[in-house]
file work12.cif (mmCIF, C-alpha atoms)
data_model
loop_
_atom_site.label_atom_id
_atom_site.label_comp_id
_atom_site.auth_asym_id
_atom_site.auth_seq_id
_atom_site.Cartn_x
_atom_site.Cartn_y
_atom_site.Cartn_z
CA MET A 1 -8.26 -17.96 9.65
CA SER A 2 -5.30 -15.74 10.57
CA LEU A 3 -5.38 -12.27 9.07
CA THR A 4 -2.20 -10.59 7.80
CA PHE A 5 -1.30 -7.01 8.69
CA HIS A 6 1.23 -4.73 7.03
CA TRP A 7 2.34 -1.25 8.06
CA PHE A 8 3.67 1.67 5.99
CA LEU A 9 7.04 3.40 5.65
CA PRO A 10 6.44 7.15 5.09
CA THR A 11 9.24 7.85 2.63
CA ASN A 12 7.50 11.16 1.89
CA GLY A 13 8.06 12.31 5.49
CA ASP A 14 6.05 11.94 8.68
CA SER A 15 4.29 14.23 11.12
CA ARG A 16 1.73 14.54 13.88
CA HIS A 17 -0.38 16.03 11.09
CA VAL A 18 -1.44 14.38 7.83
CA VAL A 19 1.27 14.47 5.21
CA GLY A 20 -0.58 15.15 1.98
CA GLY A 21 0.43 14.69 -1.63
CA GLY A 22 0.71 11.73 -3.96
CA HIS A 23 -0.92 10.92 -7.29
CA GLY A 24 0.88 13.73 -9.04
CA THR A 25 0.67 16.24 -6.18
CA PRO A 26 3.70 17.17 -4.05
CA ALA A 27 4.05 16.21 -0.39
CA THR A 28 2.77 18.92 1.95
CA ALA A 29 5.03 20.93 4.25
CA SER A 30 4.13 18.69 7.19
CA GLY A 31 6.31 16.01 5.61
CA ARG A 32 9.33 17.98 6.77
CA ASP A 33 8.38 17.56 10.45
CA ARG A 34 10.06 14.15 10.53
CA PRO A 35 12.24 13.72 7.43
CA PRO A 36 12.31 10.19 5.97
CA THR A 37 15.82 9.35 7.09
CA VAL A 38 16.99 5.76 7.14
CA ALA A 39 17.30 6.04 10.93
CA TYR A 40 13.69 7.14 11.42
CA LEU A 41 12.24 4.71 8.87
CA SER A 42 14.22 1.91 10.52
CA GLN A 43 12.73 2.89 13.86
CA ILE A 44 9.24 2.48 12.40
CA ALA A 45 10.20 -0.79 10.72
CA ARG A 46 11.61 -2.27 13.93
CA ALA A 47 8.50 -1.27 15.85
CA ALA A 48 6.24 -2.82 13.18
CA GLU A 49 8.30 -6.01 13.25
CA ASP A 50 8.10 -6.26 17.01
CA LEU A 51 4.36 -5.62 17.10
CA GLY A 52 3.60 -8.39 14.62
CA PHE A 53 3.15 -6.72 11.25
CA VAL A 54 4.27 -9.02 8.43
CA GLY A 55 5.45 -6.35 6.03
CA ALA A 56 5.63 -2.64 5.30
CA LEU A 57 4.46 -0.88 2.15
CA THR A 58 6.78 1.71 0.66
CA PRO A 59 5.22 4.09 -1.92
CA THR A 60 6.48 5.18 -5.31
CA GLY A 61 6.40 8.47 -7.16
CA ALA A 62 8.03 11.86 -7.42
CA TRP A 63 6.70 12.87 -3.99
CA CYS A 64 8.79 10.35 -2.02
CA GLU A 65 12.17 8.66 -1.80
CA ASP A 66 12.95 5.73 -4.09
CA ALA A 67 11.40 2.55 -2.67
CA TRP A 68 14.04 0.06 -3.84
CA LEU A 69 17.01 1.92 -2.42
CA THR A 70 15.29 2.89 0.81
CA THR A 71 14.00 -0.58 1.68
CA ALA A 72 17.36 -2.15 0.84
CA MET A 73 18.94 0.11 3.46
CA VAL A 74 16.19 -0.34 6.05
CA SER A 75 16.22 -4.12 5.64
CA ARG A 76 19.66 -4.19 7.26
CA HIS A 77 18.11 -2.90 10.49
CA THR A 78 15.36 -5.55 10.70
CA GLU A 79 15.26 -9.32 10.85
CA ARG A 80 11.80 -10.59 9.84
CA LEU A 81 9.81 -7.71 8.37
CA LYS A 82 9.05 -7.97 4.66
CA PHE A 83 9.05 -4.97 2.34
CA LEU A 84 6.15 -4.36 -0.01
CA VAL A 85 8.05 -2.31 -2.56
CA ALA A 86 5.89 -0.23 -4.89
CA PHE A 87 7.34 0.26 -8.36
CA ARG A 88 6.21 1.24 -11.85
CA PRO A 89 6.87 -1.20 -14.68
CA GLY A 90 7.41 1.53 -17.28
CA PHE A 91 10.54 2.86 -15.61
CA VAL A 92 12.78 -0.21 -15.78
CA SER A 93 13.21 -3.17 -18.13
CA PRO A 94 11.43 -6.39 -17.07
CA THR A 95 14.64 -8.41 -17.15
CA LEU A 96 16.43 -5.93 -14.91
CA ALA A 97 13.44 -5.78 -12.55
CA ALA A 98 13.39 -9.58 -12.30
CA GLN A 99 17.11 -9.54 -11.54
CA MET A 100 16.72 -6.78 -8.94
CA ALA A 101 13.98 -8.74 -7.21
CA ALA A 102 16.10 -11.90 -7.18
CA THR A 103 19.04 -9.98 -5.71
CA PHE A 104 16.82 -8.39 -3.06
CA GLN A 105 15.51 -11.81 -2.06
CA ARG A 106 18.97 -13.25 -1.61
CA HIS A 107 20.37 -10.33 0.36
CA SER A 108 17.28 -9.85 2.55
CA GLY A 109 16.58 -13.50 3.26
CA GLY A 110 13.44 -13.67 1.12
CA ARG A 111 11.74 -10.54 2.45
CA LEU A 112 10.59 -8.85 -0.76
CA LEU A 113 6.98 -8.34 -1.82
CA LEU A 114 6.15 -6.33 -4.95
CA ASN A 115 3.37 -3.77 -5.31
CA VAL A 116 3.02 -3.15 -9.04
CA VAL A 117 1.76 0.40 -9.76
CA THR A 118 0.88 1.02 -13.39
CA GLY A 119 0.57 4.79 -12.86
CA GLY A 120 -2.63 6.80 -13.20
CA GLU A 121 -1.19 10.25 -13.84
CA SER A 122 0.05 10.89 -17.38
CA HIS A 123 1.65 14.22 -16.43
CA GLU A 124 3.77 12.51 -13.77
CA GLN A 125 4.62 9.58 -16.08
CA ARG A 126 5.82 12.01 -18.75
CA ALA A 127 8.21 13.58 -16.24
CA TYR A 128 9.90 10.17 -16.11
CA GLY A 129 9.96 9.86 -19.91
CA ASP A 130 6.87 7.64 -20.24
CA PHE A 131 4.43 8.94 -22.85
CA LEU A 132 1.98 6.03 -23.15
CA ASP A 133 -1.66 6.65 -22.36
CA LYS A 134 -3.38 4.90 -19.46
CA ASP A 135 -4.76 1.90 -21.38
CA ASP A 136 -1.42 1.25 -23.06
CA ARG A 137 0.31 1.47 -19.69
CA TYR A 138 -1.88 -1.37 -18.43
CA ARG A 139 -1.19 -3.43 -21.56
CA ARG A 140 2.52 -2.87 -21.05
CA THR A 141 2.19 -3.92 -17.40
CA GLY A 142 0.65 -7.19 -18.53
CA GLU A 143 3.56 -7.86 -20.88
CA PHE A 144 6.01 -6.83 -18.17
CA LEU A 145 4.58 -9.22 -15.59
CA ARG A 146 4.41 -12.06 -18.10
CA ILE A 147 8.14 -11.68 -18.79
CA VAL A 148 9.09 -11.29 -15.13
CA ARG A 149 7.09 -14.31 -14.01
CA GLU A 150 8.56 -16.53 -16.73
CA LEU A 151 12.06 -15.40 -15.78
CA TRP A 152 11.40 -16.16 -12.12
CA GLU A 153 10.35 -19.67 -13.13
CA GLY A 154 13.77 -20.18 -14.67
CA GLY A 155 12.69 -19.93 -18.27
CA THR A 156 14.35 -18.30 -21.25
CA VAL A 157 12.05 -15.63 -22.58
CA ASP A 158 11.63 -14.38 -26.13
CA LEU A 159 8.77 -11.95 -26.50
CA LYS A 160 7.93 -9.40 -29.14
CA GLY A 161 4.97 -7.64 -27.60
CA GLU A 162 3.07 -4.50 -28.40
CA HIS A 163 5.18 -2.47 -25.97
CA LEU A 164 8.05 -4.69 -24.76
CA ARG A 165 10.55 -6.87 -26.54
CA VAL A 166 13.17 -9.20 -25.09
CA GLU A 167 15.33 -11.84 -26.73
CA ASP A 168 17.03 -14.77 -25.00
CA ALA A 169 16.29 -13.28 -21.58
CA LYS A 170 17.27 -15.48 -18.64
CA LEU A 171 18.27 -15.12 -15.00
CA VAL A 172 21.47 -16.73 -13.78
CA ARG A 173 19.86 -17.17 -10.34
CA VAL A 174 16.12 -17.17 -9.80
CA PRO A 175 14.62 -15.71 -6.61
CA ASP A 176 13.87 -18.07 -3.75
CA PRO A 177 11.15 -17.65 -2.75
CA VAL A 178 9.50 -15.98 -5.73
CA PRO A 179 8.19 -12.58 -4.56
CA GLU A 180 4.44 -12.30 -4.34
CA VAL A 181 2.87 -9.66 -6.58
CA TYR A 182 0.35 -7.19 -5.16
CA PHE A 183 -1.73 -5.25 -7.63
CA GLY A 184 -4.57 -2.74 -7.49
CA GLY A 185 -6.74 -0.91 -9.98
CA SER A 186 -10.41 -0.28 -10.62
CA SER A 187 -10.52 0.01 -14.42
CA PRO A 188 -11.47 -2.95 -16.67
CA LEU A 189 -7.90 -3.40 -17.93
CA ALA A 190 -6.57 -3.30 -14.37
CA GLY A 191 -8.88 -6.15 -13.43
CA GLU A 192 -7.66 -8.24 -16.35
CA VAL A 193 -3.99 -7.74 -15.45
CA ALA A 194 -4.66 -8.50 -11.78
CA ALA A 195 -6.54 -11.68 -12.64
CA ARG A 196 -3.73 -13.02 -14.82
CA TYR A 197 -0.61 -12.05 -12.91
CA SER A 198 -1.17 -10.93 -9.31
CA ASP A 199 -1.17 -12.96 -6.11
CA VAL A 200 -2.98 -10.35 -4.01
CA TYR A 201 -5.50 -7.82 -5.30
CA LEU A 202 -5.45 -4.59 -3.28
CA THR A 203 -8.29 -2.11 -2.98
CA TRP A 204 -8.39 1.22 -1.24
CA GLY A 205 -10.69 1.55 1.78
CA GLU A 206 -14.15 1.98 0.36
CA PRO A 207 -17.36 1.10 2.28
CA PRO A 208 -17.91 -2.66 2.64
CA ALA A 209 -20.63 -2.88 -0.03
CA GLN A 210 -18.33 -1.38 -2.65
CA VAL A 211 -15.42 -3.56 -1.55
CA ALA A 212 -17.65 -6.64 -1.87
CA GLU A 213 -18.48 -5.66 -5.46
CA LYS A 214 -14.78 -5.31 -6.29
CA ILE A 215 -13.92 -8.67 -4.78
CA ALA A 216 -16.68 -10.40 -6.74
CA TRP A 217 -15.54 -8.70 -9.95
CA VAL A 218 -11.86 -9.64 -9.64
CA ARG A 219 -12.62 -13.11 -8.29
CA GLY A 220 -14.73 -13.79 -11.36
CA LEU A 221 -12.00 -12.55 -13.72
CA ALA A 222 -9.41 -14.72 -11.96
CA ALA A 223 -11.67 -17.79 -12.15
CA ARG A 224 -11.78 -17.40 -15.94
CA GLU A 225 -7.98 -17.55 -15.90
CA GLY A 226 -8.07 -20.65 -13.70
CA ARG A 227 -6.52 -18.72 -10.82
CA THR A 228 -7.41 -17.91 -7.21
CA LEU A 229 -6.27 -14.63 -5.66
CA ARG A 230 -6.09 -13.28 -2.14
CA PHE A 231 -7.55 -9.87 -1.35
CA GLY A 232 -6.18 -6.96 0.66
CA ILE A 233 -7.26 -3.46 1.62
CA ARG A 234 -5.32 -0.23 2.16
CA LEU A 235 -6.48 1.93 5.08
CA HIS A 236 -5.29 4.45 7.63
CA VAL A 237 -6.15 3.87 11.29
CA ILE A 238 -6.92 6.07 14.29
CA THR A 239 -7.60 3.74 17.20
CA ARG A 240 -7.75 4.70 20.88
CA ASP A 241 -8.99 3.37 24.21
CA THR A 242 -12.36 5.03 23.66
CA SER A 243 -14.31 6.11 20.61
CA GLU A 244 -14.39 9.68 21.88
CA GLN A 245 -10.60 9.83 22.03
CA ALA A 246 -10.24 8.46 18.51
CA TRP A 247 -12.71 10.91 16.98
CA ALA A 248 -11.09 13.76 18.87
CA GLU A 249 -7.83 12.84 17.15
CA ALA A 250 -9.55 12.70 13.75
CA HIS A 251 -11.01 16.16 14.35
CA ARG A 252 -7.60 17.46 15.43
CA LEU A 253 -6.13 16.26 12.15
CA LEU A 254 -9.02 17.81 10.21
CA ASP A 255 -8.55 21.14 12.00
CA GLY A 256 -4.97 21.15 10.75
CA PHE A 257 -6.03 21.11 7.08
CA ASP A 258 -5.37 24.52 5.61
CA PRO A 259 -8.30 25.41 3.27
CA GLU A 260 -5.94 26.55 0.53
CA THR A 261 -4.01 23.28 0.77
CA VAL A 262 -7.25 21.31 0.46
CA ARG A 263 -8.25 23.31 -2.62
CA SER A 264 -4.83 22.87 -4.21
CA VAL A 265 -4.64 19.13 -3.55
CA GLN A 266 -8.21 18.54 -4.74
CA ALA A 267 -7.52 20.49 -7.93
CA GLY A 268 -4.44 18.36 -8.55
CA LEU A 269 -6.24 15.09 -7.85
CA ALA A 270 -9.10 16.08 -10.14
CA ARG A 271 -6.65 15.69 -13.04
CA SER A 272 -6.06 12.05 -12.13
CA GLU A 273 -6.83 9.39 -14.74
CA SER A 274 -7.02 6.77 -11.99
CA GLU A 275 -10.47 5.21 -11.57
CA GLY A 276 -9.53 4.32 -8.00
CA GLN A 277 -8.64 7.94 -7.27
CA ARG A 278 -11.94 9.08 -8.77
CA ARG A 279 -13.75 6.70 -6.45
CA MET A 280 -11.82 8.09 -3.48
CA LEU A 281 -12.78 11.65 -4.39
CA THR A 282 -16.48 10.81 -4.57
CA LEU A 283 -16.39 9.60 -0.96
CA HIS A 284 -15.91 13.14 0.38
CA GLY A 285 -16.63 15.39 -2.59
CA GLY A 286 -14.05 17.89 -1.36
CA SER A 287 -16.25 18.78 1.63
CA ARG A 288 -15.47 18.61 5.35
CA ASP A 289 -19.06 17.55 6.05
CA GLY A 290 -20.36 13.98 6.23
CA LEU A 291 -16.93 12.40 6.31
CA GLU A 292 -18.02 9.29 8.24
CA ILE A 293 -19.16 7.35 5.19
CA HIS A 294 -19.74 4.05 7.03
CA PRO A 295 -19.60 3.34 10.75
CA ASN A 296 -16.01 4.08 11.84
CA LEU A 297 -14.88 4.72 8.22
CA TRP A 298 -13.68 8.31 7.81
CA ALA A 299 -12.89 9.93 4.44
CA GLY A 300 -11.08 12.97 5.85
CA ILE A 301 -7.55 11.88 4.91
CA GLY A 302 -8.47 12.08 1.23
CA LEU A 303 -8.99 15.84 1.47
CA VAL A 304 -5.22 16.39 1.42
CA ARG A 305 -3.74 13.06 0.36
CA GLY A 306 -3.89 11.21 -2.93
CA GLY A 307 -4.37 7.47 -3.08
CA ALA A 308 -5.62 5.83 0.10
CA GLY A 309 -7.87 8.46 1.67
CA THR A 310 -9.94 6.69 4.31
CA ALA A 311 -9.26 5.73 7.91
CA LEU A 312 -10.79 3.38 10.43
CA VAL A 313 -11.59 5.57 13.45
CA GLY A 314 -12.85 4.35 16.79
CA SER A 315 -12.10 2.45 19.95
CA HIS A 316 -9.94 -0.62 19.73
CA GLU A 317 -13.07 -2.77 19.91
CA GLU A 318 -14.80 -0.80 17.15
CA VAL A 319 -11.80 -0.94 14.83
CA ALA A 320 -11.50 -4.68 15.43
CA GLU A 321 -15.18 -5.08 14.51
CA ARG A 322 -14.71 -3.17 11.26
CA ILE A 323 -11.74 -5.36 10.40
CA LYS A 324 -13.89 -8.40 11.01
CA GLU A 325 -16.55 -6.90 8.75
CA TYR A 326 -14.06 -6.59 5.89
CA ALA A 327 -12.63 -10.03 6.62
CA ALA A 328 -16.11 -11.51 6.26
CA LEU A 329 -16.14 -10.18 2.69
CA GLY A 330 -12.93 -12.03 1.84
CA ILE A 331 -10.24 -9.49 2.81
CA GLU A 332 -7.27 -11.37 4.26
CA GLU A 333 -4.55 -8.71 4.25
CA PHE A 334 -4.67 -5.20 5.71
CA VAL A 335 -2.11 -2.56 4.69
CA LEU A 336 -2.37 0.14 7.35
CA SER A 337 -0.83 3.47 8.31
CA GLY A 338 -1.40 6.41 10.65
CA TYR A 339 0.03 9.77 11.64
CA PRO A 340 2.63 9.71 13.03
CA HIS A 341 3.54 6.23 11.85
CA LEU A 342 5.69 5.31 14.83
CA GLU A 343 3.10 6.11 17.49
CA GLU A 344 0.10 4.84 15.53
CA ALA A 345 1.83 1.49 14.96
CA TYR A 346 1.84 1.06 18.73
CA TRP A 347 -1.76 2.21 19.17
CA PHE A 348 -2.93 -0.42 16.69
CA GLY A 349 -0.42 -3.11 17.60
CA GLU A 350 -1.10 -2.90 21.33
CA GLY A 351 -4.80 -2.03 21.12
CA VAL A 352 -6.36 -3.93 18.22
CA LEU A 353 -4.13 -6.90 17.42
CA PRO A 354 -4.46 -8.51 20.88
CA ARG A 355 -8.25 -8.33 20.56
CA LEU A 356 -8.13 -10.06 17.19
CA ALA A 357 -5.72 -12.64 18.59
CA GLY A 358 -8.14 -13.35 21.42
CA GLN A 359 -10.79 -14.18 18.83
CA GLY A 360 -8.50 -16.47 16.86
CA LEU A 361 -8.24 -14.05 13.91
CA TRP A 362 -4.57 -13.14 14.22
CA ALA A 363 -1.33 -14.61 15.50
CA HIS A 364 2.05 -12.96 15.85
CA PRO A 365 4.18 -14.16 12.90
CA ALA A 366 7.14 -14.79 15.22
CA GLY A 367 5.05 -17.04 17.41
CA GLU A 368 5.33 -14.70 20.35
CA ARG A 369 5.95 -11.00 20.83
CA ALA A 370 9.58 -10.17 20.15
CA SER A 371 11.50 -8.30 22.78
CA SER A 372 14.42 -6.84 20.82
CA VAL A 373 12.89 -3.43 20.07
CA GLN A 374 13.67 -0.81 22.67
CA VAL A 375 11.61 2.01 21.13
CA PRO A 376 9.21 3.40 23.76
CA PHE A 377 5.60 4.20 22.95
CA ALA A 378 5.47 7.98 22.63
CA GLY A 379 1.68 8.38 22.51
#

call {"tool": "encode", "arguments": {"input": "work12.cif", "output": "structure tokens"}}
result
Amino acid sequence: MSLTFHWFLPTNGDSRHVVGGGHGTPATASGRDRPPTVAYLSQIARAAEDLGFVGALTPTGAWCEDAWLTTAMVSRHTERLKFLVAFRPGFVSPTLAAQMAATFQRHSGGRLLLNVVTGGESHEQRAYGDFLDKDDRYRRTGEFLRIVRELWEGGTVDLKGEHLRVEDAKLVRVPDPVPEVYFGGSSPLAGEVAARYSDVYLTWGEPPAQVAEKIAWVRGLAAREGRTLRFGIRLHVITRDTSEQAWAEAHRLLDGFDPETVRSVQAGLARSESEGQRRMLTLHGGSRDGLEIHPNLWAGIGLVRGGAGTALVGSHEEVAERIKEYAALGIEEFVLSGYPHLEEAYWFGEGVLPRLAGQGLWAHPAGERASSVQVPFAG
């Protein structure tokens, strides 16, 4: 088995400190340390490509730059890297989204992956003109993905759904290849949508026992639909030559959390309707104590950042072991990030990936390490 690794493009800004925000909360001031320019994001993307990451996730929301436009620009500065573009179905028509995806595939050479985000924050959705409640948003997402998938298959679609209606919808040119759909969510309706329409189910980085429960749940739902999904996990990483060095870095990041910022972010996240966000919050309870919730799994990021709030922290060997632990549960894809994203890509790519390759668990997607990137490791 060869595991798949993706990196992250910080379109909300980057820093040597944690850039907080997300899930309806604004990016913290640290995001201005390294603005998300196309030049800087392309530097990260080229490094990730060279190191052997398959793709790069780009977030969505009011706290960051638009994912479609940004990745379209960055794609011109890379050759192989795929772009896991997060987008919200309620903000664009399904026919237009299917057309946009087909266009992206043609112009990028088939390098688009889609991360469908239903949206767990009604107050943020309303700012974009979307006034459906959470359950109806998931029902609309199901209709949306049904239309998009039928269009990608070359069909003519007529659908009068509860939330979406199209007549005689058809694409002049279908995407080749069809983009894979990544989907996450912890509520019952999210599981149903994932089982019917996604290719990869993504979970945030919870302890292995909880991840195993999620996998079993979604796998069972997919089986009822006659489908088989792959599973991925979203984590931050802090990996160093020794465990002591890695934990020292985690503590340095924690020391940089202003107490007022933590209180403000936690108050904002407490409004979230997302079941996944609620589960993230319970891992740390807003406290700086007891943040190692499983060996080498640290919940500190979630004190100031919405969404993915846990990090693998340890020596390269320890982080590799934790990855193997998740892989044993059925996780095949790892969507990773770290602060700053340029340097941490090198720490992981040069420290952990070779160890996994030596055990037959990973292979560079280009067959051998590329040599075109001239970006030095600035650790």

call {"tool": "resolve_selection", "arguments": {"input": "work12.cif", "expression": "the PyMOL selection byres ((chain A and resi 45) around 10)", "output": "number ranges by chain"}}
result
A: 7-9, 39-44, 46-51, 53, 55-56, 71, 74-75, 77-83, 341-342, 345

call {"tool": "atom_distance", "arguments": {"input": "work12.cif", "atom1": "atom CA of A:Glu213", "atom2": "atom CA of A:Leu114"}}
result
24.6 Å

call {"tool": "resolve_selection", "arguments": {"input": "work12.cif", "expression": "the PyMOL selection byres ((chain A and resi 322) around 12)", "output": "ChimeraX atom specification"}}
result
/A:205,207-208,235,237,239,294-297,311-321,323-329,331,334,352,356

call {"tool": "resolve_selection", "arguments": {"input": "work12.cif", "expression": "the PyMOL selection byres ((chain A and resi 242-253) around 12)", "output": "PyMOL selection string"}}
result
chain A and resi 15-20+30+236-241+254-258+288-289+291-292+295-304+310-319+338-340+344+347-348+351+379

call {"tool": "residues_around", "arguments": {"input": "work12.cif", "residues": "stretch 263-277 of chain A", "least_positions_apart": "6", "cutoff": "8 Å", "atoms": "all atoms listed in the file", "output": "ChimeraX atom specification"}}
result
/A:20-21,23-25,119-122,134,185-187,204,286,303-307

call {"tool": "atom_distance", "arguments": {"input": "work12.cif", "atom1": "atom CA of A:Tyr182", "atom2": "atom CA of A:Leu84"}}
result
8.3 Å

call {"tool": "closest_residue", "arguments": {"input": "work12.cif", "among": "A:Gly155, A:Gly184, A:Pro177, A:Gly367", "to": "A:Leu202", "atoms": "only C-alpha atoms"}}
result
A:Gly184

call {"tool": "residues_around", "arguments": {"input": "work12.cif", "residues": "A:Met100", "least_positions_apart": "4", "cutoff": "12 Å", "atoms": "all atoms listed in the file", "output": "PyMOL selection string"}}
result
chain A and resi 68-69+72+85+87+92-96+104-108+112+114+148+151-152+171+173-175+179

call {"tool": "atom_distance", "arguments": {"input": "work12.cif", "atom1": "atom CA of A:Glu333", "atom2": "atom CA of A:Phe231"}}
result
6.5 Å

call {"tool": "closest_residue", "arguments": {"input": "work12.cif", "among": "A:Leu145, A:Leu221, A:Ile293, A:Leu113", "to": "A:Leu189", "atoms": "only C-alpha atoms"}}
result
A:Leu221

call {"tool": "residues_near_point", "arguments": {"input": "work12.cif", "point": "(-7.0, -15.3, -11.4)", "cutoff": "10 Å", "atoms": "all atoms listed in the file", "output": "PyMOL selection string"}}
result
chain A and resi 191-201+218-230

call {"tool": "closest_residue", "arguments": {"input": "work12.cif", "among": "A:Glu206, A:Glu167, A:Glu350, A:Glu162", "to": "A:Tyr138", "atoms": "all atoms listed in the file"}}
result
A:Glu162

call {"tool": "closest_residue", "arguments": {"input": "work12.cif", "among": "A:Leu164, A:Ala97, A:Lys214, A:Val38", "to": "A:Thr70", "atoms": "all atoms listed in the file"}}
result
A:Val38

call {"tool": "closest_residue", "arguments": {"input": "work12.cif", "among": "A:Asn115, A:Ala127, A:Pro365, A:Thr103", "to": "A:Ala62", "atoms": "all atoms listed in the file"}}
result
A:Ala127

call {"tool": "decode", "arguments": {"input": "work12.cif", "residues": "stretch 92-98 of chain A", "atoms": "all heavy atoms", "output": "compact mmCIF listing (two decimals), in the first residue's frame"}}
result
# COMPACT_ATOMS: atom_id res chain seq x y z
N VAL A 92 -22.81 28.89 -5.98
CA VAL A 92 -22.70 28.87 -7.44
C VAL A 92 -23.63 27.79 -7.96
O VAL A 92 -23.89 26.79 -7.28
CB VAL A 92 -21.23 28.60 -7.88
CG1 VAL A 92 -20.77 27.24 -7.42
CG2 VAL A 92 -21.06 28.75 -9.37
N SER A 93 -24.15 27.96 -9.16
CA SER A 93 -25.07 26.98 -9.72
C SER A 93 -24.32 25.68 -10.03
O SER A 93 -23.12 25.71 -10.36
CB SER A 93 -25.72 27.51 -11.00
OG SER A 93 -24.86 27.35 -12.12
N PRO A 94 -24.98 24.53 -9.94
CA PRO A 94 -24.29 23.26 -10.21
C PRO A 94 -23.79 23.14 -11.65
O PRO A 94 -22.72 22.59 -11.89
CB PRO A 94 -25.35 22.20 -9.89
CG PRO A 94 -26.66 22.91 -9.94
CD PRO A 94 -26.38 24.32 -9.51
N THR A 95 -24.54 23.68 -12.58
CA THR A 95 -24.10 23.60 -13.98
C THR A 95 -22.84 24.43 -14.19
O THR A 95 -21.90 23.99 -14.86
CB THR A 95 -25.22 24.08 -14.92
OG1 THR A 95 -26.42 23.34 -14.64
CG2 THR A 95 -24.82 23.89 -16.37
N LEU A 96 -22.82 25.63 -13.62
CA LEU A 96 -21.63 26.46 -13.75
C LEU A 96 -20.45 25.82 -13.04
O LEU A 96 -19.32 25.83 -13.56
CB LEU A 96 -21.89 27.85 -13.18
CG LEU A 96 -20.71 28.83 -13.19
CD1 LEU A 96 -20.20 29.04 -14.61
CD2 LEU A 96 -21.10 30.15 -12.55
N ALA A 97 -20.67 25.25 -11.86
CA ALA A 97 -19.58 24.58 -11.14
C ALA A 97 -19.02 23.42 -11.94
O ALA A 97 -17.80 23.21 -12.00
CB ALA A 97 -20.07 24.11 -9.77
N ALA A 98 -19.90 22.63 -12.57
CA ALA A 98 -19.44 21.52 -13.39
C ALA A 98 -18.62 22.02 -14.57
O ALA A 98 -17.60 21.42 -14.95
CB ALA A 98 -20.65 20.71 -13.88
